[in-house]
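Asks: This is the structure I want to talk about, given as structure tokens.
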Amino acid sequence: MSQFFIFAIILLFPFIAHSATYKPTLNILAPIGVMSPKIISQFEEDNQCNVRIEFVGSRYEYESRLRAGLRNYDLVISDERILQRLFLQRQLRSLNEDATFSANVTGKYPLQVKSRLNSDGRSYFTFLADPMGIAYIKKNFISKQTQPSWDWIISPDEIPYWRQRIYVSNFPKHQLLLALLATGKEITTASWFIPEPTLKWLQNLKLQSANIEYPLELAFLGNKIEAAVIFRSDYLRLKKVVPDLKFVVPTKVTYYDRIGIAIVSDTVQEALAQNFIKFLNIKKDSLIVNENYLSYNVLNYEGSATKNWVPYDDDIPIPRRIENILNDFYKK
């Protein structure tokens, strides 16, 4: 009988050893530079688990990943526009109270204001900001202005090297949003015309813009463009390839993206995922790595007051009359 028990223990030993060393794995889809390895290691140690992060090089690479589905991930970190879309498609789980313990503390810093789709902080947890600005080749930059503004990109007399060598989004709606921002105008669902100063600014922008259909790195290196309107995270990625690149945020106003994290609806590690978001909530002030993004606890950045920053949104409703004006404008 004793020999039987010894034999049984020998057979079961590999399974016992495996169960004793098993650690659950948390799979995350995230942009490069969101958090430091030190933060990840601390969470792994505290929760006896493994964290596997699949990094995305730029915001444009997200589309192909999302089309392939999120079944291989437990958490997704992205800009707020993608998180909102996933939330509306019911691909995200709600966060529990333990993970969003500070969700009701708002108003202390301007960038902490939540969107309508996430007013209670349950849809996703936002913890970083990514401002829009102008990236440009330093050696070809000449300006008499001391304060950077959006007018830099439509001023051939001020900056002659930039004429027809500025890149902005190729979508007319995006260009209209930038023109509205630059001219301090606003369009609502009740609007039926584009303000004259905004239209004039758009006309000047059209003269300055260069149409390119390949990566910005190649456009800068090939001298096809001298400047580009991009988010700061994209600039830091470009700077690794284009060393003579500089980035400024206009002093009066700019758009900014909120960067957040959400739980994928198909996750099999919900408890661990909720703990990870709670951990980020506690550690959010020490997440920045390589200064890719900004903490919400920022009141001024390079002379630009964050209280004047506007959340960026691709889906701002534009009345049909204004869409027709835009279409006619771009046909000319």
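Naming scheme: A, B, ... for chains in displayed order of the structure tokens; residues 1 onward per chain; ligands 1 onward as shown.
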Excluding range 303-309 of chain A and residues on its chain fewer than 3 positions from it, collect all residues at most 9 Å away from it, counting only C-alpha atoms, and give them as a list in words.

Replies: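 Neighbouring residues, sequence-local ones excluded: Tyr109, Pro110, Leu111, Pro131, Gln147, Val249, Pro250, Thr251, Lys252, Val253, Thr254, Tyr255, Tyr256, Val298, Leu299 and Asn300 of chain A.
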
Asks: Please return, as a ChimeraX atom specification, all residues of range 59-199 of chain A that DSSP assigns to strand (DSSP E or B) on the basis of the backbone.

Replies: /A:75-79,92-93,125-137,166-167

Asks: As number ranges by chain, please: all residues of range 122-204 of chain A that backbone DSSP puts in helix (DSSP H, G or I).

Replies: A: 138-140, 150-154, 160-162, 172-183, 196-204

Asks: What's around Arg116 in chain A at 12 Å? Count only C-alpha atoms, leave out sequence neighbours fewer than 5 positions away in its own chain, and write the answer as a ChimeraX atom specification.

Replies: /A:80,84,121-123,311

Asks: Within 6 Å of range 223-236 of chain A, counting only C-alpha atoms, which residues qualify if same-chain residues fewer than 3 places away don't, as a PyMOL selection string?

Replies: chain A and resi 131-137+162+165-168+219-220+239+292

Asks: Excluding same-chain residues fewer than 3 positions from range 52-54 of chain A, what lies within 9 Å of it counting only C-alpha atoms, as a list in words?

Replies: Thr25, Leu26, Asn27, Ile28, Leu29, Ala30, Pro31 and Ile32 of chain A

Asks: Rounded to one decimal place, report the CA of Glu217 in chain A-CA of Leu238 in chain A distance in Å.

Replies: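 For CA of Glu217 in chain A relative to CA of Leu238 in chain A, the distance reads 6.0 Å.
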
Asks: Taking into account only C-alpha atoms, which residue in the set A:Ala271, A:Leu216, A:Leu66, A:Leu86 is nearest to Arg237 in chain A?

Replies: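 The shortest atom-to-atom distance to Arg237 in chain A comes from A:Leu216.
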
Asks: Using Å and a single decimal, report how far CA of Leu75 in chain A sits from CA of Val268 in chain A.

Replies: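 Those two atoms sit 10.7 Å apart.
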
Asks: Work out how far apart CA of Glu270 in chain A and CA of Asp285 in chain A are and give it in Å to one decimal.

Replies: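 Between CA of Glu270 in chain A and CA of Asp285 in chain A the gap is 24.1 Å.
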
Asks: Extract, using only C-alpha atoms, all DNA, RNA and protein residues at most 6 Å from Gln164 in chain A, discarding same-chain residues fewer than 2 positions from it, and format them as an MDAnalysis selection string.

Replies: chainID A and resid 166 207:210

Asks: Report as a ChimeraX atom specification all protein, DNA and RNA residues lying within 9 Å of range 318-320 of chain A, evaluated on only C-alpha atoms, omitting residues in the same chain fewer than 4 positions from it.

Replies: /A:173,187-193,324-325

Asks: With all heavy atoms retained, could you export that selection as a PDB file, in the first residue's frame?

Replies:
ATOM      1  N   LYS A 173     -13.247  67.763 -42.567  1.00  0.00           N
ATOM      2  CA  LYS A 173     -13.852  68.025 -41.270  1.00  0.00           C
ATOM      3  C   LYS A 173     -12.787  68.306 -40.210  1.00  0.00           C
ATOM      4  O   LYS A 173     -12.940  69.194 -39.369  1.00  0.00           O
ATOM      5  CB  LYS A 173     -14.719  66.838 -40.837  1.00  0.00           C
ATOM      6  CG  LYS A 173     -15.516  67.094 -39.558  1.00  0.00           C
ATOM      7  CD  LYS A 173     -16.314  65.870 -39.126  1.00  0.00           C
ATOM      8  CE  LYS A 173     -17.419  65.568 -40.089  1.00  0.00           C
ATOM      9  NZ  LYS A 173     -18.307  64.483 -39.584  1.00  0.00           N
ATOM     10  N   ILE A 187     -19.061  75.955 -33.924  1.00  0.00           N
ATOM     11  CA  ILE A 187     -20.177  75.495 -34.737  1.00  0.00           C
ATOM     12  C   ILE A 187     -20.947  74.458 -33.930  1.00  0.00           C
ATOM     13  O   ILE A 187     -20.352  73.521 -33.383  1.00  0.00           O
ATOM     14  CB  ILE A 187     -19.687  74.891 -36.065  1.00  0.00           C
ATOM     15  CG1 ILE A 187     -19.192  76.004 -36.992  1.00  0.00           C
ATOM     16  CG2 ILE A 187     -20.794  74.111 -36.752  1.00  0.00           C
ATOM     17  CD1 ILE A 187     -18.698  75.507 -38.329  1.00  0.00           C
ATOM     18  N   THR A 188     -22.259  74.625 -33.869  1.00  0.00           N
ATOM     19  CA  THR A 188     -23.123  73.687 -33.162  1.00  0.00           C
ATOM     20  C   THR A 188     -24.071  73.035 -34.161  1.00  0.00           C
ATOM     21  O   THR A 188     -24.060  73.334 -35.359  1.00  0.00           O
ATOM     22  CB  THR A 188     -23.931  74.405 -32.072  1.00  0.00           C
ATOM     23  OG1 THR A 188     -24.851  75.316 -32.705  1.00  0.00           O
ATOM     24  CG2 THR A 188     -23.005  75.188 -31.143  1.00  0.00           C
ATOM     25  N   THR A 189     -24.937  72.163 -33.654  1.00  0.00           N
ATOM     26  CA  THR A 189     -25.904  71.490 -34.533  1.00  0.00           C
ATOM     27  C   THR A 189     -26.906  72.485 -35.119  1.00  0.00           C
ATOM     28  O   THR A 189     -27.557  72.197 -36.127  1.00  0.00           O
ATOM     29  CB  THR A 189     -26.659  70.415 -33.750  1.00  0.00           C
ATOM     30  OG1 THR A 189     -27.220  70.996 -32.554  1.00  0.00           O
ATOM     31  CG2 THR A 189     -25.730  69.274 -33.353  1.00  0.00           C
ATOM     32  N   ALA A 190     -27.035  73.646 -34.469  1.00  0.00           N
ATOM     33  CA  ALA A 190     -27.979  74.657 -34.979  1.00  0.00           C
ATOM     34  C   ALA A 190     -27.330  75.609 -35.976  1.00  0.00           C
ATOM     35  O   ALA A 190     -28.026  76.421 -36.591  1.00  0.00           O
ATOM     36  CB  ALA A 190     -28.554  75.454 -33.803  1.00  0.00           C
ATOM     37  N   SER A 191     -26.028  75.514 -36.152  1.00  0.00           N
ATOM     38  CA  SER A 191     -25.346  76.408 -37.079  1.00  0.00           C
ATOM     39  C   SER A 191     -25.656  76.029 -38.527  1.00  0.00           C
ATOM     40  O   SER A 191     -25.912  74.871 -38.829  1.00  0.00           O
ATOM     41  CB  SER A 191     -23.832  76.358 -36.839  1.00  0.00           C
ATOM     42  OG  SER A 191     -23.511  76.727 -35.513  1.00  0.00           O
ATOM     43  N   TRP A 192     -25.634  77.027 -39.407  1.00  0.00           N
ATOM     44  CA  TRP A 192     -25.894  76.743 -40.822  1.00  0.00           C
ATOM     45  C   TRP A 192     -24.875  77.412 -41.739  1.00  0.00           C
ATOM     46  O   TRP A 192     -25.009  77.370 -42.957  1.00  0.00           O
ATOM     47  CB  TRP A 192     -27.300  77.190 -41.205  1.00  0.00           C
ATOM     48  CG  TRP A 192     -27.548  78.656 -41.012  1.00  0.00           C
ATOM     49  CD1 TRP A 192     -27.911  79.271 -39.852  1.00  0.00           C
ATOM     50  CD2 TRP A 192     -27.426  79.677 -42.002  1.00  0.00           C
ATOM     51  NE1 TRP A 192     -28.021  80.627 -40.049  1.00  0.00           N
ATOM     52  CE2 TRP A 192     -27.739  80.916 -41.366  1.00  0.00           C
ATOM     53  CE3 TRP A 192     -27.088  79.696 -43.355  1.00  0.00           C
ATOM     54  CZ2 TRP A 192     -27.717  82.119 -42.034  1.00  0.00           C
ATOM     55  CZ3 TRP A 192     -27.080  80.906 -44.024  1.00  0.00           C
ATOM     56  CH2 TRP A 192     -27.386  82.104 -43.365  1.00  0.00           C
ATOM     57  N   PHE A 193     -23.853  78.057 -41.186  1.00  0.00           N
ATOM     58  CA  PHE A 193     -22.829  78.672 -42.029  1.00  0.00           C
ATOM     59  C   PHE A 193     -21.478  78.601 -41.323  1.00  0.00           C
ATOM     60  O   PHE A 193     -21.394  78.433 -40.109  1.00  0.00           O
ATOM     61  CB  PHE A 193     -23.184  80.128 -42.338  1.00  0.00           C
ATOM     62  CG  PHE A 193     -23.123  81.036 -41.130  1.00  0.00           C
ATOM     63  CD1 PHE A 193     -21.975  81.759 -40.847  1.00  0.00           C
ATOM     64  CD2 PHE A 193     -24.208  81.140 -40.266  1.00  0.00           C
ATOM     65  CE1 PHE A 193     -21.914  82.588 -39.728  1.00  0.00           C
ATOM     66  CE2 PHE A 193     -24.145  81.968 -39.148  1.00  0.00           C
ATOM     67  CZ  PHE A 193     -23.006  82.692 -38.879  1.00  0.00           C
ATOM     68  N   ASN A 324     -22.084  70.828 -46.986  1.00  0.00           N
ATOM     69  CA  ASN A 324     -22.169  71.205 -48.401  1.00  0.00           C
ATOM     70  C   ASN A 324     -21.196  72.337 -48.729  1.00  0.00           C
ATOM     71  O   ASN A 324     -20.561  72.348 -49.790  1.00  0.00           O
ATOM     72  CB  ASN A 324     -23.599  71.630 -48.742  1.00  0.00           C
ATOM     73  CG  ASN A 324     -24.569  70.471 -48.691  1.00  0.00           C
ATOM     74  OD1 ASN A 324     -24.175  69.314 -48.840  1.00  0.00           O
ATOM     75  ND2 ASN A 324     -25.836  70.774 -48.469  1.00  0.00           N
ATOM     76  N   ILE A 325     -21.079  73.312 -47.816  1.00  0.00           N
ATOM     77  CA  ILE A 325     -20.129  74.407 -48.024  1.00  0.00           C
ATOM     78  C   ILE A 325     -18.710  73.869 -48.105  1.00  0.00           C
ATOM     79  O   ILE A 325     -17.912  74.261 -48.964  1.00  0.00           O
ATOM     80  CB  ILE A 325     -20.253  75.451 -46.897  1.00  0.00           C
ATOM     81  CG1 ILE A 325     -21.609  76.145 -46.970  1.00  0.00           C
ATOM     82  CG2 ILE A 325     -19.132  76.481 -46.983  1.00  0.00           C
ATOM     83  CD1 ILE A 325     -21.883  77.072 -45.811  1.00  0.00           C
TER      84      ILE A 325
END

Asks: Which of these residues is nearest to Ser265 in chain A, using only C-alpha atoms: A:Gly69, A:Pro172, A:Pro24, A:Pro37?

Replies: A:Gly69

Asks: Determine the nearest neighbour of Pro317 in chain A from the options A:Leu177, A:Leu70, A:Val34, A:Ala182, counting only C-alpha atoms.

Replies: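 Ranked by minimum distance to Pro317 in chain A, first place goes to A:Leu177.
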
Asks: Of the residues A:Arg71, A:Ile194, A:Val264, A:Lys38, which is the one nearest to Ser286 in chain A, using only C-alpha atoms?

Replies: A:Lys38
